[in-house]
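S.K.: The structure is given below, and queries will be raised subsequently.
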Amino acid sequence: MQDDQMTIVSNESVARNTYEMVLQSEHVSQTAIPGQFLHIAIPNFTLRRPLSIATINREKETVTIVYKVVGAGTKQLSTFREGVALNVMGPNGNGFDLEINEKTTVLLIGGGVGIPPLHFLGKQLSEKGVTVKSILGFQSQEDIFYENSFKTFGKTLIVTDDGSYGKKGLVTDVISEINDFDTYYTCGPLPMIQAVTKQLAHKEGYISLEERMGCGIGACYACVIPTTIGVDYRKICEDGPVFAAQEVKL
Amino acid sequence: MQDDQMTIVSNESVARNTYEMVLQSEHVSQTAIPGQFLHIAIPNFTLRRPLSIATINREKETVTIVYKVVGAGTKQLSTFREGVALNVMGPNGNGFDLEINEKTTVLLIGGGVGIPPLHFLGKQLSEKGVTVKSILGFQSQEDIFYENSFKTFGKTLIVTDDGSYGKKGLVTDVISEINDFDTYYTCGPLPMIQAVTKQLAHKEGYISLEERMGCGIGACYACVIPTTIGVDYRKICEDGPVFAAQEVKL
Amino acid sequence: MSQLAIDLPGLSLKNPIMPASGCFAFGRQYSQFYDLSKLGAVIMKAATGEERLGNPTPRVTETASGMLNAIGLQNPGVEKIVETEVPFLKQFNIPIIANVAGSTVEEYEKVAATFNKTDDIAALELNISCPNVKEGGVQFGIDPKMAAEVTKVVKAASKYPVYVKLSPNVTNIVEMAEAVAAAGADGLTMINTLTGMQLNLTTKRPVIANLTGGLSGPAIKPVAIRMIYEVSQHVSLPIIGMGGIQTAEDVLEFLLAGASAVAVGTANFQDPYVCPKIIYDLPNVLEKYGFSSVEEAIGKGHA
Amino acid sequence: MSQLAIDLPGLSLKNPIMPASGCFAFGRQYSQFYDLSKLGAVIMKAATGEERLGNPTPRVTETASGMLNAIGLQNPGVEKIVETEVPFLKQFNIPIIANVAGSTVEEYEKVAATFNKTDDIAALELNISCPNVKEGGVQFGIDPKMAAEVTKVVKAASKYPVYVKLSPNVTNIVEMAEAVAAAGADGLTMINTLTGMQLNLTTKRPVIANLTGGLSGPAIKPVAIRMIYEVSQHVSLPIIGMGGIQTAEDVLEFLLAGASAVAVGTANFQDPYVCPKIIYDLPNVLEKYGFSSVEEAIGKGHA
Ligand SMILES: Cc1cc2nc3c(=O)[nH]c(=O)nc-3n(C[C@H](O)[C@H](O)[C@H](O)COP(=O)(O)OP(=O)(O)OC[C@H]3O[C@@H](n4cnc5c(N)ncnc54)[C@H](O)[C@@H]3O)c2cc1C
Ligand SMILES: Cc1cc2nc3c(=O)[nH]c(=O)nc-3n(C[C@H](O)[C@H](O)[C@H](O)COP(=O)(O)OP(=O)(O)OC[C@H]3O[C@@H](n4cnc5c(N)ncnc54)[C@H](O)[C@@H]3O)c2cc1C
Ligand SMILES: Cc1cc2nc3c(=O)[nH]c(=O)nc-3n(C[C@H](O)[C@H](O)[C@H](O)COP(=O)(O)O)c2cc1C
Ligand SMILES: Cc1cc2nc3c(=O)[nH]c(=O)nc-3n(C[C@H](O)[C@H](O)[C@H](O)COP(=O)(O)O)c2cc1C
Ligand code: FES
Ligand code: FES
């Protein structure tokens, strides 16, 4: 983890209110693992914004994030053009465990802007030879991004809330269509993660969580979540954002 | 007076830490008189910055200011490039009385960034046929701006604090070199204005003052100055910034 | 009742937006920018018994997301305000609220009584919280007994409903609110400024000539929201909220916290059109967050 | 003495910069970014008698030039801090200040006494001002009698100098300072956070699960400067100042106001290197404004 000035290589809309930003960073591009996030300082905002790493390019030394404009900070972020330098900390957090046997089949279940970390994961796992299947949920057709990229990893089902593309419904409605997988990884809105972990309680699974953050490195105790066993807690920024599905109380 | 979005036409360094900014404004370019100022909103700063009008161009519909970087606001202003739109109120304040007989000789006495309003005044008076002489004081050679422009109005003496250009000394040291004038106009640091009005107590004169401002239009009572006669006050933003030399207590 | 309208003691507001006292003088300057009849109401600059020239300058300075001011209640005196300012504002046909200040209970009483001479105002805002005058003023705002005393006297002297303006510079804002409520206040306005200071590194002295000044602007909004939330849970008086409002979203936050209307101060200096802009935006913001009227949103943020 | 050094009760500081309590945990995370031995000192996260898990989340939110937090004193308990955190920090060879919290006088006493077990800390910071815990905590910070009482007990229980951390949420900060000074405090730290609230327009509930939170950051700097200025005129105890510090210029403003050293909180979240950067810049800033040392600047802003 370092804190550096990173120059924006590109910052473009990839879906409704959703942007893909590519940043120059030797350090992050060489060291990041899927599930880790960047902690981005935006001028004139007190707190940094945590955004998951969507992919890295070791040769070009870049790191990519995909973010949705939901408030003033992400709105400001969307206005920055190529060449602007931002203060960015990263890679933060633990990331997914990549010690996976290549004979394994994994299922990625992502919703909305929970999809970027799964994209990075899917890319690395499929490069390793792991069989990757994906279920991606969006509100509507206009919100879809990275569909083709996920398809290169393996079978990919898309669902939309309004049925404007793929099946109409929730990601949990189509899990049954993919019955042969060993491990699942999920990230997205909390109700989705709750539903997924409940439905797949018998499976080995990993979740990636969000919480409002202060420091982003474990020093302020802003982002804690209680553990399921014992009277204990985890810090999402430092011990997470990735947890085993049954490790923390959702 | 209006409050408008004005687009920056140019913003360039004209002397050490000193910038000339040209803004597009139909309204100000058609209505402003010398001595009036713009009240400029700078994003992320609570208060607007008052800056004197240094000249207008009726044909091109532009207004020009010259400002020195002295703090965070003017520093931020200096970073804006051509095409950026700023929220600008103007023209504010009363301005100089221009009902001057063209047989009059006027002396302009300016110090540092007190010079811009006198530049606008000198230009209009000389265009009217009034004889304009000027004394301009700067810290050092590197700080000098608008010398040539003032020379087109008439005789111009330059003094510098360190003697690096023109005479070494204060504007008051060279007033005696210009003995034939009817009225003087002065703007600059308060100690300079105090010294000038004291030395020229027997002459008709006008001063332009600065004070920290809130509203800039007379509504908040931030920028008052007591009058010399009676228990009364003037608002610099609304009743000024131009006053007769003996009208207010300096 | 229309979507934006709200009725408070003495104040029939067509919308809940009014400029805050001291940030709008008596309206003349802002009337160059827009028709003041668009406003829900207007709160005039503080009135004292006699003309006051206020504090020495500098009187204002900028801070992070805020500003400090120490104007010192400069005003032409209550008589002149009644004679020349109220008639000017009357033409806009909106409720006029007179901000009443003083150094002694007697002065407050006199100012309140003098406003009885006109029938053209709608309510008094009792300013017991101005931190920027040496004598009196602030004392009334931090001691519940004195606050109650001056409220009682002004209520007795005035024919108008009295809104008491609370100072945030207290340990227990609920106690203050309860004291003035018990003394007969018809409503509350809150918050006035937080006392602050800035030092000039070059002169090595406080920037504000008065040494301290009142902090206003978005910096204090969380304190305002907290105090309004707390007070509205304990006191049933209507509250006119203020402190850092810049947008219609901010207005809704104040309504949810428990305010029935709001005043906009510092933001006028940044954007002279801020009040009409907020009034224009408010219907959309209410709708976006699921409210059919201002009335419906009041106090809805209580957990 | 060197330009930046300053001696305070129990604290021999090579420079006046230290991270503020609760914004730096026990240093481990920031030690990934720089060598903590650069710091003047370090103030640890609050310690309570037993482990505390703190408040529900969300615990933080952003405000204009500031943030709200309601962590709720989460910490592993004083025993564990003495056993595992103090030894970690010891390696950096800088004075360690232990922040002492509790719900009852007895708990404060126990925590203070437990810190006697180690010889590796330099002073206690008595946190009587945490606004984010339901029982106790804040009461001690707003009532001068209770503040004096807990100060006396902790002084008696501890072998270390005691700095009392004052809450700004009071009507009369000087009275609080005088009360703890009379009770034997060796120094003051100020200010803790201002109590504030933010409402979420979508959920129509306070953003912070605890409802209210403590406001920190540049937004509160004018309040901090004012209070330090006032207190330093009435109480001769040394003051460690805090509240919105981001730059070496801010540090000088606190010194001029009357602080002898400063703590940096929220700014660490924006820039993990902020403390070493300030330490690096401070000599130039002192020189620029005509001071040959930190010592020389203290209290020089008094008119
Ligand atoms: C580990 C992690 C990874 C994330 N990855 C992504 C991603 O890849 N793409 C993406 O679009 N979003 C992601 N988010 C959510 C993203 O951080 C928020 O959408 C963003 O901070 C909102 O900022 P804002 O100023 O636009 O919104 P505002 O609502 O104005 O923000 C106000 C404050 O709340 C915080 N906040 C608001 N929403 C969230 C949230 N969901 N989680 C955490 N803090 C929040 C902000 O950081 C800020 O401090 C991630 C969050 C976490 C914790
Ligand atoms: C009527 C008028 C006309 C002016 N014309 C010019 C001009 O043509 N060129 C020029 O360079 N400067 C001019 N000034 C001064 C200019 O307004 C300040 O230099 C500028 O506001 C400083 O802003 P800052 O953020 O860089 O400084 P900071 O010191 O960071 O500003 C902090 C606050 O103090 C105020 N302030 C600081 N210095 C002054 C000052 N001298 N006068 C008024 N407010 C001040 C700022 O507006 C701001 O609110 C004029 C001032 C007035 C009142
Ligand atoms: C320059 C200025 C002058 C003020 N004068 C008064 C006043 O005369 N009477 C009063 O009750 N409040 C006065 N106030 C306080 C405001 O009415 C308001 O309570 C406060 O500024 C918070 O609102 P804001 O953040 O929107 O400015 C003044 C505020 C400012 C900034
Ligand atoms: C996230 C957070 C946690 C804090 N925890 C504590 C604490 O445990 N004990 C304490 O005395 N102060 C605590 N504080 C207050 C700070 O130490 C400091 O007094 C305050 O934040 C003002 O300084 P700042 O504006 O530089 O942050 C905390 C502040 C923040 C922002
Ligand atoms: S954000 Fe500070 S501990 Fe996680
Ligand atoms: S700046 Fe408001 S009256 Fe002059």
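Chain lettering (A, B, ...) mirrors the order of the structure tokens, residue numbering begins at 1 for each chain separately, and ligand numbering begins at 1 in order of display.
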Within 9 Å of chain D, which residues of chain A come that close, and what is the closest atom pair and distance in Å for each? Count only C-alpha atoms and give it as a Markdown table.

M.R.:
| residue | atom | partner | partner_atom | distance |
| --- | --- | --- | --- | --- |
| A:Met1 | CA | D:Gln32 | CA | 7.9 |
| A:Gln2 | CA | D:Phe33 | CA | 7.0 |
| A:Asp3 | CA | D:Pro272 | CA | 7.6 |
| A:Ala41 | CA | D:Gln270 | CA | 6.6 |
| A:Asn44 | CA | D:Ser65 | CA | 7.4 |
| A:Phe45 | CA | D:Ser65 | CA | 6.9 |
| A:Thr46 | CA | D:Gly66 | CA | 5.8 |
| A:Leu47 | CA | D:Gln270 | CA | 6.2 |
| A:Arg48 | CA | D:Gln270 | CA | 6.4 |
| A:Asn87 | CA | D:Asp271 | CA | 8.6 |
| A:Glu211 | CA | D:Pro58 | CA | 7.1 |
| A:Arg212 | CA | D:Pro58 | CA | 6.1 |
| A:Met213 | CA | D:Val60 | CA | 6.8 |
| A:Gly214 | CA | D:Phe269 | CA | 6.2 |
| A:Cys215 | CA | D:Phe269 | CA | 4.4 |
| A:Gly216 | CA | D:Phe269 | CA | 7.6 |
| A:Ile217 | CA | D:Gln29 | CA | 6.4 |
| A:Gly218 | CA | D:Gln29 | CA | 6.6 |
| A:Ala219 | CA | D:Ala25 | CA | 4.6 |
| A:Cys220 | CA | D:Cys23 | CA | 5.3 |
| A:Tyr221 | CA | D:Ile71 | CA | 6.5 |
| A:Ala222 | CA | D:Arg59 | CA | 5.3 |
| A:Cys223 | CA | D:Thr57 | CA | 7.0 |
| A:Val224 | CA | D:Thr57 | CA | 7.3 |
| A:Ile225 | CA | D:Thr57 | CA | 7.9 |
| A:Pro226 | CA | D:Leu53 | CA | 8.6 |
| A:Val231 | CA | D:Leu53 | CA | 8.3 |
| A:Asp232 | CA | D:Leu53 | CA | 7.6 |
| A:Tyr233 | CA | D:Leu53 | CA | 7.6 |

S.K.: Neighbours of ligand 1 at 8 Å or closer, counting only C-alpha atoms and all ligand atoms: which residues, as a VMD selection string?

M.R.: (chain A and resid 18 36 to 38 46 to 54 65 to 76 93 113 to 117 208 to 214 236 to 237 240 to 241) or (chain D and resid 60 to 62)

S.K.: Could you name the residues that touch Ile94 of chain C at 10 Å or less, counting only C-alpha atoms, but leaving out those on the same chain fewer than 2 positions away, as a CSV table (one decimal) with N, CA and C atoms, in the first residue's frame?

M.R.:
chain,number,residue,atom,x,y,z
C,11,LEU,N,-47.4,34.2,10.7
C,11,LEU,CA,-46.7,34.1,9.4
C,11,LEU,C,-47.4,33.2,8.5
C,12,SER,N,-48.0,33.8,7.5
C,12,SER,CA,-48.7,32.9,6.5
C,12,SER,C,-47.7,32.9,5.3
C,13,LEU,N,-46.9,31.8,5.2
C,13,LEU,CA,-45.8,31.8,4.3
C,13,LEU,C,-46.2,31.1,3.0
C,14,LYS,N,-46.0,31.7,1.9
C,14,LYS,CA,-46.4,31.0,0.6
C,14,LYS,C,-45.3,30.0,0.3
C,18,MET,N,-36.7,32.3,3.6
C,18,MET,CA,-36.6,33.8,3.9
C,18,MET,C,-35.1,34.1,4.1
C,36,LEU,N,-38.6,40.8,-4.7
C,36,LEU,CA,-38.6,40.2,-3.3
C,36,LEU,C,-39.9,39.6,-3.0
C,37,SER,N,-41.0,39.8,-3.8
C,37,SER,CA,-42.3,39.2,-3.5
C,37,SER,C,-42.2,37.7,-3.7
C,38,LYS,N,-41.2,37.2,-4.4
C,38,LYS,CA,-41.0,35.8,-4.5
C,38,LYS,C,-40.7,35.1,-3.2
C,39,LEU,N,-40.2,35.8,-2.2
C,39,LEU,CA,-39.8,35.2,-0.9
C,39,LEU,C,-40.9,34.8,-0.1
C,40,GLY,N,-40.7,33.8,0.8
C,40,GLY,CA,-41.7,33.4,1.8
C,40,GLY,C,-41.9,34.5,2.8
C,41,ALA,N,-40.8,35.2,3.2
C,41,ALA,CA,-40.9,36.2,4.2
C,41,ALA,C,-39.5,36.9,4.1
C,42,VAL,N,-39.3,37.9,4.9
C,42,VAL,CA,-38.0,38.6,5.0
C,42,VAL,C,-37.7,38.9,6.5
C,89,LEU,N,-40.2,47.7,2.4
C,89,LEU,CA,-40.4,46.3,2.3
C,89,LEU,C,-41.9,45.9,2.1
C,90,LYS,N,-42.7,46.8,2.6
C,90,LYS,CA,-44.2,46.5,2.5
C,90,LYS,C,-44.7,46.3,1.1
C,91,GLN,N,-44.1,47.0,0.2
C,91,GLN,CA,-44.5,46.9,-1.2
C,91,GLN,C,-44.5,45.5,-1.8
C,92,PHE,N,-43.6,44.6,-1.2
C,92,PHE,CA,-43.5,43.3,-1.7
C,92,PHE,C,-44.5,42.3,-1.2
C,96,ILE,N,-43.1,40.5,7.0
C,96,ILE,CA,-41.8,41.1,7.5
C,96,ILE,C,-41.6,40.8,8.9
C,97,ILE,N,-40.4,40.2,9.2
C,97,ILE,CA,-40.0,39.8,10.6
C,97,ILE,C,-39.0,40.8,11.0
C,120,ASP,N,-47.4,46.9,9.8
C,120,ASP,CA,-46.9,46.3,8.6
C,120,ASP,C,-45.9,45.2,8.8
C,121,ILE,N,-45.5,44.9,10.0
C,121,ILE,CA,-44.7,43.7,10.2
C,121,ILE,C,-45.5,42.5,10.6
C,122,ALA,N,-45.0,41.4,10.7
C,122,ALA,CA,-45.8,40.2,11.0
C,122,ALA,C,-45.3,39.5,12.2

S.K.: Could you give me, as a list of chain:residue names, each residue of segment 31-147 of chain A that DSSP assigns to alpha helix (DSSP H) when run on this structure's backbone?

M.R.: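 Here is the list: A:Thr31, A:Ala72, A:Gly73, A:Thr74, A:Lys75, A:Gln76, A:Leu77, A:Ser78, A:Thr79, A:Ile115, A:Pro116, A:Pro117, A:Leu118, A:His119, A:Phe120, A:Leu121, A:Gly122, A:Lys123, A:Gln124, A:Leu125, A:Ser126, A:Glu127, A:Lys128, A:Glu147.
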
S.K.: How would the residues just chosen look if you wrote them out with C-alpha atoms as a compact mmCIF listing (two decimals), in the first residue's frame?

M.R.:
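Result saved to selection-v2.txt:
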# COMPACT_ATOMS: atom_id res chain seq x y z
CA THR A 31 1.14 -5.50 -6.57
CA ALA A 72 -21.04 14.80 -5.01
CA GLY A 73 -17.69 12.97 -4.82
CA THR A 74 -18.22 10.55 -7.68
CA LYS A 75 -19.78 13.39 -9.67
CA GLN A 76 -16.65 15.46 -9.21
CA LEU A 77 -14.52 12.44 -10.13
CA SER A 78 -16.42 12.08 -13.39
CA THR A 79 -15.41 15.60 -14.45
CA ILE A 115 -19.14 -6.04 -10.36
CA PRO A 116 -15.70 -4.35 -10.81
CA PRO A 117 -13.79 -6.42 -8.20
CA LEU A 118 -15.31 -9.62 -9.63
CA HIS A 119 -14.13 -8.56 -13.06
CA PHE A 120 -10.55 -8.37 -11.84
CA LEU A 121 -11.00 -11.72 -10.06
CA GLY A 122 -12.57 -13.40 -13.07
CA LYS A 123 -9.77 -12.20 -15.30
CA GLN A 124 -7.02 -13.57 -13.07
CA LEU A 125 -8.77 -16.85 -12.36
CA SER A 126 -9.58 -17.53 -16.01
CA GLU A 127 -5.97 -16.73 -16.93
CA LYS A 128 -4.96 -19.34 -14.36
CA GLU A 147 -20.56 -8.01 -20.40

S.K.: Please extract the residues of segment 35-240 of chain B with a backbone DSSP assignment of strand (DSSP E) and present them as a count of residues only.

M.R.: 65

S.K.: Looking at A:Lys103, A:Pro43, A:Lys198, A:Gly83, which one is nearest to chain B, with distances taken over only C-alpha atoms?

M.R.: A:Pro43

S.K.: For chain C against chain D, which residues fall within 8 Å using only C-alpha atoms, given as JSON, numbers by chain?

M.R.: {"C": [63, 64, 65, 66, 142, 169, 170, 171, 172, 194, 195, 196, 197, 198, 199, 200, 201, 202, 204, 205, 206, 212, 215, 218, 219, 220, 222, 223, 224, 225, 226, 227, 249, 252, 253, 256, 257, 289, 300, 301, 302, 303]}

S.K.: Between C:Ile81, C:Val207, C:Glu106, C:Asn192, which one has atoms that come closest to ligand 2, using only C-alpha atoms and all ligand atoms?

M.R.: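 Closest candidate: C:Val207.
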
S.K.: Could you name the residues that touch Glu142 of chain A at 9 Å or less, counting only C-alpha atoms, but leaving out those on the same chain fewer than 4 positions away, as a ChimeraX atom specification?

M.R.: /A:15-16,138,164-165

S.K.: Give me, as an MDAnalysis selection string, all polymer residues having an atom no more than 7 Å from Asn15 of chain D, counting only C-alpha atoms and skipping those fewer than 6 positions away in the same chain.

M.R.: chainID D and resid 4:6 40

S.K.: What gap, in Å, lies between atom CA of Met89 of chain B and atom CA of His39 of chain B?

M.R.: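 Atom CA of His39 of chain B lies 4.9 Å from atom CA of Met89 of chain B.
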
S.K.: Which residues come within 7 Å of Glu102 of chain B, counting only C-alpha atoms, excluding same-chain residues fewer than 2 positions away, as a PyMOL selection string?

M.R.: chain B and resi 100+104+128-130

S.K.: Please produce a file of those selected residues containing C-alpha atoms, as a PDB file, in the first residue's frame.

M.R.:
ATOM      1  CA  ILE B 100     -14.517  66.727 -15.586  1.00  0.00           C
ATOM      2  CA  THR B 104      -8.386  70.081 -16.394  1.00  0.00           C
ATOM      3  CA  LYS B 128     -12.014  62.788 -23.357  1.00  0.00           C
ATOM      4  CA  GLY B 129      -9.084  65.132 -23.872  1.00  0.00           C
ATOM      5  CA  VAL B 130      -8.256  65.671 -20.213  1.00  0.00           C
TER       6      VAL B 130
END

S.K.: List the neighbours of Val14 of chain B out to 9 Å using only C-alpha atoms; skip same-chain residues closer than 3 positions along the sequence, and give me the result as a list in words.

M.R.: Asn17, Thr18, Tyr19, Glu20, Val66, Asp143, Ile144, Phe145 and Tyr146 of chain B

S.K.: Those residues with N, CA, C and O atoms, as a compact mmCIF listing (two decimals), in the first residue's frame please?

M.R.:
# COMPACT_ATOMS: atom_id res chain seq x y z
N ASN B 17 3.95 37.58 -9.97
CA ASN B 17 2.74 37.19 -9.23
C ASN B 17 1.51 38.01 -9.59
O ASN B 17 0.56 38.09 -8.81
N THR B 18 1.53 38.64 -10.72
CA THR B 18 0.44 39.53 -11.11
C THR B 18 -0.14 39.07 -12.44
O THR B 18 0.62 38.77 -13.37
N TYR B 19 -1.46 38.99 -12.50
CA TYR B 19 -2.12 38.45 -13.69
C TYR B 19 -3.13 39.45 -14.24
O TYR B 19 -3.73 40.22 -13.49
N GLU B 20 -3.29 39.40 -15.53
CA GLU B 20 -4.33 40.18 -16.20
C GLU B 20 -5.35 39.17 -16.73
O GLU B 20 -4.99 38.26 -17.48
N VAL B 66 -6.74 43.23 -13.23
CA VAL B 66 -5.35 42.88 -12.97
C VAL B 66 -5.24 42.60 -11.48
O VAL B 66 -5.65 43.43 -10.66
N ASP B 143 7.72 43.99 -10.78
CA ASP B 143 6.31 44.15 -10.45
C ASP B 143 5.59 45.11 -11.39
O ASP B 143 4.36 45.25 -11.30
N ILE B 144 6.33 45.75 -12.25
CA ILE B 144 5.73 46.81 -13.07
C ILE B 144 4.80 46.25 -14.15
O ILE B 144 5.14 45.29 -14.83
N PHE B 145 3.65 46.85 -14.28
CA PHE B 145 2.74 46.52 -15.38
C PHE B 145 2.08 47.81 -15.87
O PHE B 145 2.01 48.80 -15.14
N TYR B 146 1.59 47.79 -17.09
CA TYR B 146 0.82 48.88 -17.69
C TYR B 146 1.61 50.18 -17.84
O TYR B 146 1.01 51.25 -18.04

S.K.: Quote the spacing between atom CA of Ser13 of chain A and atom CA of Val174 of chain A in Å to one decimal place.

M.R.: 28.3 Å

S.K.: Can you work out the spacing between atom CA of Ala245 of chain A and atom CA of Gly111 of chain A in Å, to one decimal?

M.R.: 16.4 Å

S.K.: Which one of B:Leu200, B:Thr131, B:Ser176, B:Asn92 sits closest to ligand 6 if you count only C-alpha atoms and all ligand atoms?

M.R.: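 For ligand 6, the nearest of the candidates is B:Asn92.
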